[in-house]
Every structure is written in structure tokens, then in C-alpha cells.
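S.K.: File query-v8.txt follows (compact mmCIF, C-alpha atoms and all ligand atoms):
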```txt
# COMPACT_ATOMS: atom_id res chain seq x y z
CA MET A 1 126.93 -185.93 42.30
CA ILE A 2 128.51 -186.53 45.69
CA GLU A 3 130.24 -189.88 46.10
CA TYR A 4 130.84 -191.51 49.49
CA LYS A 5 133.79 -193.80 50.08
CA LYS A 6 136.25 -195.07 52.64
CA ILE A 7 139.41 -192.98 52.93
CA ASP A 8 142.89 -194.44 53.26
CA ILE A 9 146.39 -193.07 53.58
CA THR A 10 146.42 -192.03 49.92
CA HIS A 11 144.02 -189.23 50.94
CA LYS A 12 146.15 -187.96 53.81
CA GLN A 13 146.92 -184.57 52.25
CA ASP A 14 143.28 -184.07 51.18
CA LEU A 15 142.11 -184.85 54.69
CA LYS A 16 144.64 -182.51 56.28
CA LYS A 17 143.53 -179.74 53.94
CA LEU A 18 139.84 -180.34 54.70
CA ILE A 19 140.50 -180.25 58.45
CA GLU A 20 142.48 -177.04 58.11
CA ASP A 21 139.94 -175.34 55.82
CA VAL A 22 137.00 -176.05 58.13
CA LEU A 23 138.75 -175.39 61.44
CA THR A 24 140.34 -172.07 60.43
CA LYS A 25 136.92 -170.74 59.43
CA LEU A 26 135.13 -172.09 62.51
CA GLU A 27 133.69 -169.13 64.46
CA ARG A 28 133.18 -171.04 67.70
CA LYS A 29 136.48 -172.87 68.13
CA GLU A 30 135.09 -174.85 71.07
CA PHE A 31 132.75 -176.69 68.67
CA PHE A 32 135.58 -178.94 67.45
CA ILE A 33 138.31 -180.53 69.58
CA PRO A 34 141.30 -180.15 67.24
CA PHE A 35 143.25 -183.20 66.16
CA THR A 36 146.88 -183.41 67.28
CA GLU A 37 149.51 -184.18 64.63
CA ASP A 38 149.88 -187.65 66.19
CA GLU A 39 146.15 -188.25 65.91
CA ILE A 40 146.21 -187.33 62.22
CA GLU A 41 149.20 -189.63 61.65
CA GLY A 42 147.55 -192.52 63.55
CA MET A 43 144.18 -192.07 61.86
CA PHE A 44 145.13 -194.14 58.83
CA ASP A 45 145.62 -197.33 60.81
CA PRO A 46 142.43 -199.29 60.01
CA ASP A 47 142.58 -200.88 63.47
CA THR A 48 142.08 -197.47 65.13
CA THR A 49 139.82 -195.50 62.80
CA ILE A 50 137.33 -195.96 60.00
CA ILE A 51 137.23 -192.80 57.91
CA TYR A 52 134.69 -192.00 55.23
CA GLY A 53 134.82 -189.11 52.83
CA ALA A 54 132.33 -187.28 50.62
CA PHE A 55 133.81 -186.45 47.24
CA ASP A 56 132.69 -183.98 44.59
CA ASP A 57 134.54 -185.44 41.61
CA ASP A 58 138.00 -185.85 43.14
CA LYS A 59 137.62 -183.13 45.74
CA LEU A 60 137.20 -184.21 49.37
CA VAL A 61 134.39 -182.02 50.71
CA GLY A 62 133.37 -183.83 53.91
CA THR A 63 134.40 -186.51 56.37
CA ALA A 64 133.25 -188.41 59.44
CA GLN A 65 135.02 -191.09 61.43
CA LEU A 66 134.55 -194.03 63.77
CA TYR A 67 137.13 -194.22 66.56
CA LEU A 68 137.63 -197.88 67.33
CA GLN A 69 140.24 -197.80 70.07
CA GLU A 70 139.09 -198.49 73.61
CA SER A 71 141.21 -195.56 74.84
CA TYR A 72 138.99 -193.12 72.91
CA VAL A 73 135.83 -194.13 74.74
CA LYS A 74 137.16 -195.31 78.10
CA ASP A 75 136.33 -192.07 79.99
CA ILE A 76 132.93 -191.65 78.37
CA LYS A 77 132.02 -195.28 79.08
CA GLU A 78 132.74 -194.65 82.75
CA ILE A 79 130.68 -191.45 82.81
CA ILE A 80 127.63 -193.08 81.25
CA ASP A 81 128.12 -196.40 83.02
CA LEU A 82 128.64 -198.65 80.01
CA ASN A 83 131.98 -200.12 81.10
CA ASP A 84 131.10 -203.66 80.08
CA ASN A 85 129.68 -202.83 76.67
CA LYS A 86 131.18 -202.60 73.21
CA VAL A 87 131.03 -198.86 72.50
CA VAL A 88 132.45 -196.90 69.58
CA GLU A 89 132.71 -193.13 69.15
CA LEU A 90 131.46 -191.43 66.02
CA GLY A 91 132.91 -187.99 65.29
CA GLY A 92 135.21 -185.82 63.25
CA TYR A 93 132.21 -184.23 61.48
CA LEU A 94 133.60 -181.80 58.90
CA VAL A 95 131.99 -180.43 55.75
CA LEU A 96 133.28 -177.51 53.66
CA GLU A 97 131.13 -174.42 54.15
CA GLU A 98 129.95 -174.27 50.54
CA TYR A 99 128.70 -177.88 50.71
CA ARG A 100 126.65 -177.63 53.94
CA ASN A 101 122.95 -178.25 54.44
CA LYS A 102 122.75 -180.67 51.53
CA GLY A 103 122.56 -183.78 53.70
CA ILE A 104 126.22 -184.78 53.28
CA MET A 105 126.87 -185.36 56.98
CA LYS A 106 123.61 -187.20 57.49
CA LYS A 107 124.62 -189.61 54.71
CA LEU A 108 128.15 -190.10 56.12
CA GLU A 109 126.66 -190.73 59.54
CA THR A 110 124.28 -193.38 58.21
CA ILE A 111 127.18 -195.18 56.49
CA LEU A 112 129.24 -195.16 59.68
CA VAL A 113 126.34 -196.42 61.79
CA ASP A 114 126.17 -199.42 59.44
CA GLU A 115 129.94 -199.90 59.78
CA ALA A 116 129.64 -199.86 63.58
CA ARG A 117 126.79 -202.38 63.49
CA ASN A 118 128.69 -204.63 61.09
CA ASN A 119 131.73 -204.48 63.38
CA GLY A 120 129.70 -205.80 66.31
CA TYR A 121 129.37 -202.67 68.42
CA GLU A 122 126.44 -202.36 70.83
CA PHE A 123 126.43 -198.58 71.23
CA ILE A 124 127.61 -195.46 69.41
CA VAL A 125 128.49 -192.31 71.35
CA ILE A 126 128.64 -188.88 69.77
CA THR A 127 129.72 -185.75 71.67
CA ILE A 128 128.55 -182.34 70.47
CA HIS A 129 128.62 -178.80 71.86
CA PRO A 130 125.05 -177.92 72.91
CA ASP A 131 125.06 -174.75 70.72
CA ASN A 132 126.22 -176.51 67.57
CA VAL A 133 122.80 -176.65 65.92
CA PRO A 134 123.63 -178.44 62.63
CA SER A 135 125.70 -181.06 64.39
CA ASN A 136 123.02 -181.75 67.01
CA LYS A 137 120.46 -182.04 64.21
CA VAL A 138 122.60 -184.60 62.42
CA ALA A 139 122.89 -186.72 65.58
CA GLU A 140 119.13 -186.47 66.19
CA SER A 141 118.46 -187.59 62.61
CA ILE A 142 119.68 -191.13 63.42
CA ASP A 143 117.59 -191.10 66.61
CA ALA A 144 120.59 -190.85 68.94
CA LYS A 145 119.49 -189.55 72.37
CA ILE A 146 121.21 -187.12 74.74
CA VAL A 147 122.03 -189.00 77.94
CA MET A 148 124.04 -186.23 79.59
CA THR A 149 125.47 -182.75 79.08
CA THR A 150 128.82 -182.38 80.78
CA ASN A 151 132.34 -181.04 80.48
CA LEU A 152 134.81 -183.37 78.79
CA GLY A 153 138.06 -181.70 79.82
CA ASP A 154 137.58 -178.07 78.77
CA TYR A 155 134.82 -178.88 76.30
CA LEU A 156 131.11 -178.72 77.14
CA ARG A 157 129.34 -181.54 75.33
CA ASN A 158 126.00 -183.21 74.84
CA ILE A 159 126.70 -186.94 75.04
CA TYR A 160 124.48 -188.77 72.57
CA LEU A 161 123.95 -192.51 72.69
CA LEU A 162 122.59 -194.78 69.98
CA LYS A 163 121.81 -198.39 70.87
CA LEU A 164 122.61 -200.70 67.95
CA LYS A 165 121.38 -203.99 69.35
C1 LIG A 201 128.21 -180.04 61.45
C2 LIG A 201 128.44 -180.21 59.96
C3 LIG A 201 129.47 -181.29 59.72
C4 LIG A 201 127.10 -180.62 59.30
O1 LIG A 201 127.34 -180.97 57.93
P1 LIG A 201 126.20 -180.87 56.81
O2 LIG A 201 126.61 -181.74 55.67
O3 LIG A 201 125.92 -179.46 56.52
O4 LIG A 201 124.95 -181.52 57.57
P2 LIG A 201 123.56 -181.99 56.91
O5 LIG A 201 123.28 -181.17 55.69
O6 LIG A 201 123.58 -183.48 56.75
O7 LIG A 201 122.52 -181.67 58.07
C5 LIG A 201 122.51 -180.41 58.72
C6 LIG A 201 121.20 -180.21 59.46
O8 LIG A 201 121.29 -179.03 60.27
C7 LIG A 201 120.26 -178.13 59.90
N1 LIG A 201 120.75 -176.76 60.14
C8 LIG A 201 121.89 -176.20 59.68
N2 LIG A 201 122.01 -174.94 60.15
C9 LIG A 201 120.94 -174.72 60.94
C10 LIG A 201 120.49 -173.63 61.72
N3 LIG A 201 121.20 -172.50 61.81
N4 LIG A 201 119.33 -173.75 62.41
C11 LIG A 201 118.61 -174.89 62.36
N5 LIG A 201 118.98 -175.97 61.63
C12 LIG A 201 120.13 -175.88 60.94
C13 LIG A 201 119.97 -178.44 58.46
O9 LIG A 201 118.74 -177.94 58.06
C14 LIG A 201 120.02 -179.98 58.52
O10 LIG A 201 118.91 -180.52 59.21
P3 LIG A 201 117.57 -181.01 58.46
O11 LIG A 201 118.00 -181.89 57.34
O12 LIG A 201 116.83 -181.73 59.55
O13 LIG A 201 116.89 -179.81 57.98
C15 LIG A 201 128.93 -178.89 59.31
O14 LIG A 201 128.04 -177.86 59.67
C16 LIG A 201 130.34 -178.50 59.73
O15 LIG A 201 131.33 -178.93 59.13
N6 LIG A 201 130.47 -177.65 60.78
C17 LIG A 201 131.77 -177.17 61.23
C18 LIG A 201 132.54 -178.24 61.98
C19 LIG A 201 131.76 -178.75 63.18
O16 LIG A 201 131.17 -178.00 63.95
N7 LIG A 201 131.76 -180.08 63.34
C20 LIG A 201 131.00 -180.76 64.38
C21 LIG A 201 131.83 -181.20 65.50
S1 LIG A 201 130.85 -182.20 66.60
```
Output the file's structure in the form of C-alpha cells.
M.R.:
Amino acid sequence: MIEYKKIDITHKQDLKKLIEDVLTKLERKEFFIPFTEDEIEGMFDPDTTIIYGAFDDDKLVGTAQLYLQESYVKDIKEIIDLNDNKVVELGGYLVLEEYRNKGIMKKLETILVDEARNNGYEFIVITIHPDNVPSNKVAESIDAKIVMTTNLGDYLRNIYLLKLK
């Protein structure tokens, strides 16, 4: 049975391995904006990121994350005209190939939506390449709506918005 729990620094090596495993096998590299080393290091500060993992016994097989820092969402807030609102970004969707299409990401997403709501956010944004079918499906499953499709730097993205209150 898959178990879902919050990840902390004790899982750093597991998380790094999961990121590497999924990203090296990714056929369309533009589907995932790679983490920098600094981002991976900073990820374990609970003031910047809430990370959940899906575990099969002790093996980390999936993750998703809430990016709490204003700097993460500043540009997107401007683009979609939500400068005065409390907005959090949901992302970092990664599941090992052999564990896909079992609902793992949908479950992680639901948990993180609850976290965002409990932390007082008004909106969640999710950015996904328009051709990334599974990822778009996951975002649609929580009733997030595409408000725009645009380039974020070099990356074409659907910008999804979910209103929490
Ligand atoms: C995106 C990703 C995290 C999804 O994880 P997952 O645990 O397999 O997702 P779920 O099982 O919860 O849901 C996947 C949905 O996509 C659907 N799906 C998957 N492949 C599909 C395809 N080729 N065509 C149509 N639907 C597809 C599944 O049927 C399911 O939807 P449903 O429940 O409505 O039927 C996983 O595919 C992944 O790690 N991809 C590589 C990294 C990546 O692209 N990350 C996203 C960055 S935004």
C-alpha cells in the first residue's frame, strides 16, 4: 500500500534520487523545469517549501510540493493580475515510471491543496506544458482552470488557477 507523508531533510538523498531517476528518463525535457542545486538545498526549509512524498514501504516513489515564498509566484501573480492576493504555487510533480497511472499524483495534489487552504492561501497556481497530458489531467482533477497559456522564460506553460476561498 502506498503511504503519503511530509518529507523532511532526512529524505534528502531519496528525493535527489527520485528527481534524477524521473528527469533522466523524461523524453520531453521541456516538461519539467529542472531544480538547481541551490533549490534542492533550500527545499528543506519549512518556511519555503512543503514537500510530500508517496512511499512504497520505505521507497520514495513520488513527490509534489508547495512553494511558499513570494519570490516563486511574484511574476505569475503579475501576469494573471493577482498582485494583492495570497497565492501559492503547487508543482514538482514527479512519480517513478513504474508507479504511474495509479492515482498517486492525484492523491498528493489533494493533500497539498488542503495544506494550502490550512495555511490561509486564497489561490493555487500550477504551471504545466500544454502537451503534458497526465499532468494536465491531474490539475483538472481538482477543478483547477487554465487562465492563460504563455511562455514563462523559455518554457511554454498552461497557467492553472484554483480558488480556495
Ligand atoms: C505527471 C505525473 C507526475 C503524473 O503522476 P501519476 O501518479 O501517474 O498521476 P495520476 O495517476 O494521479 O493521474 C494521471 C492521469 O493522467 C491520465 N493519463 C496518463 N497518461 C495518459 C495519456 N497518454 N492519455 C490520456 N490520459 C493519460 C491517467 O489516466 C490519469 O487520469 P484519470 O485518473 O483521469 O484517468 C507523472 O506522469 C510524471 O512523473 N511525469 C514525468 C514528470 C512530469 O512531467 N512532471 C510534471 C511537471 S508539471
S.K.: With the cut-off set at 6 Å and counting only C-alpha atoms and all ligand atoms, tabulate each residue of chain A with an atom at most that distance from an atom of ligand LIG 201 (chain A), showing the nearest atom pair and its distance in Å to one decimal, ordered by chain and increasing number, as CSV.
M.R.:
```
residue,atom,partner,partner_atom,distance
A:Phe31,CA,A:LIG201,O16,5.1
A:Phe32,CA,A:LIG201,C21,4.8
A:Tyr93,CA,A:LIG201,C3,4.4
A:Leu94,CA,A:LIG201,O15,3.7
A:Val95,CA,A:LIG201,O15,3.8
A:Leu96,CA,A:LIG201,O15,6.0
A:Arg100,CA,A:LIG201,O3,3.2
A:Asn101,CA,A:LIG201,O5,3.2
A:Lys102,CA,A:LIG201,O5,4.2
A:Gly103,CA,A:LIG201,O6,3.2
A:Ile104,CA,A:LIG201,O2,3.9
A:Met105,CA,A:LIG201,O6,3.8
A:Lys106,CA,A:LIG201,O6,3.8
A:Ile128,CA,A:LIG201,S1,4.5
A:Val133,CA,A:LIG201,C9,5.7
A:Pro134,CA,A:LIG201,O8,3.4
A:Ser135,CA,A:LIG201,C1,4.0
A:Lys137,CA,A:LIG201,O8,5.0
A:Val138,CA,A:LIG201,O7,5.2
```
S.K.: From the options A:Asp114, A:Glu89, A:Glu98, A:Glu109, which residue's atoms come nearest to A:Thr48, counting all atoms listed in the file?
M.R.: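 Among the listed residues, A:Glu89 lies closest to A:Thr48.
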S.K.: Applying 12 Å and all atoms listed in the file, which residues near stretch 143-156 of chain A remain after dropping the ones on its own chain fewer than 6 positions away? List them as a PyMOL selection string.
M.R.: chain A and resi 28-34+73+75-77+79-82+90+106+109-110+113+123-132+135-137+162-164
S.K.: Restricting the calculation to all atoms listed in the file, which member of A:Val88, A:Ile142, A:Ile7, A:Ile19 is positioned closest to A:Ile51?
M.R.: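 Among the listed residues, the smallest separation from A:Ile51 belongs to A:Ile7.
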S.K.: Can you work out the spacing between atom CA of A:Thr63 and atom CA of A:Phe35 in Å, to one decimal?
M.R.: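 We find that atom CA of A:Thr63 and atom CA of A:Phe35 lie 13.6 Å from each other.
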S.K.: Could you jot down the atom CA of A:Asp57 to atom CA of A:Met1 separation for me, Å, one decimal place?
M.R.: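 Computed distance, atom CA of A:Asp57 to atom CA of A:Met1, equals 7.7 Å.
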S.K.: Looking at A:Leu161, A:Asn83, A:Ile2, A:Glu97, which one is nearest to A:Glu27, with distances taken over all atoms listed in the file?
M.R.: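 Residue with the minimum atom-to-atom distance to A:Glu27: A:Glu97.
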S.K.: Using all atoms listed in the file, which of A:Lys74, A:Glu41, A:Lys5, A:Leu60 sits nearest A:Val22?
M.R.: A:Leu60
S.K.: With 3 Å added on each side, what axis-aligned box encloses every listed atom of stretch 26-38 of chain A? Give the centre and edge lengths in Å to one decimal, as JSON.
M.R.:
```
{"center_x": 141.3, "center_y": -178.4, "center_z": 66.8, "size_x": 23.1, "size_y": 24.5, "size_z": 14.6}
```
S.K.: Figure out the distance between atom CA of A:Gln69 and atom CA of A:Thr49, please, to one decimal in Å.
M.R.: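 The value is 7.6 Å.
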S.K.: Between A:Val87, A:Asp58, A:Glu140, A:Leu26, single out the one closest to A:Ser71, counting only C-alpha atoms.
M.R.: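 Looking at the shortest contact to A:Ser71, the residue is A:Val87.
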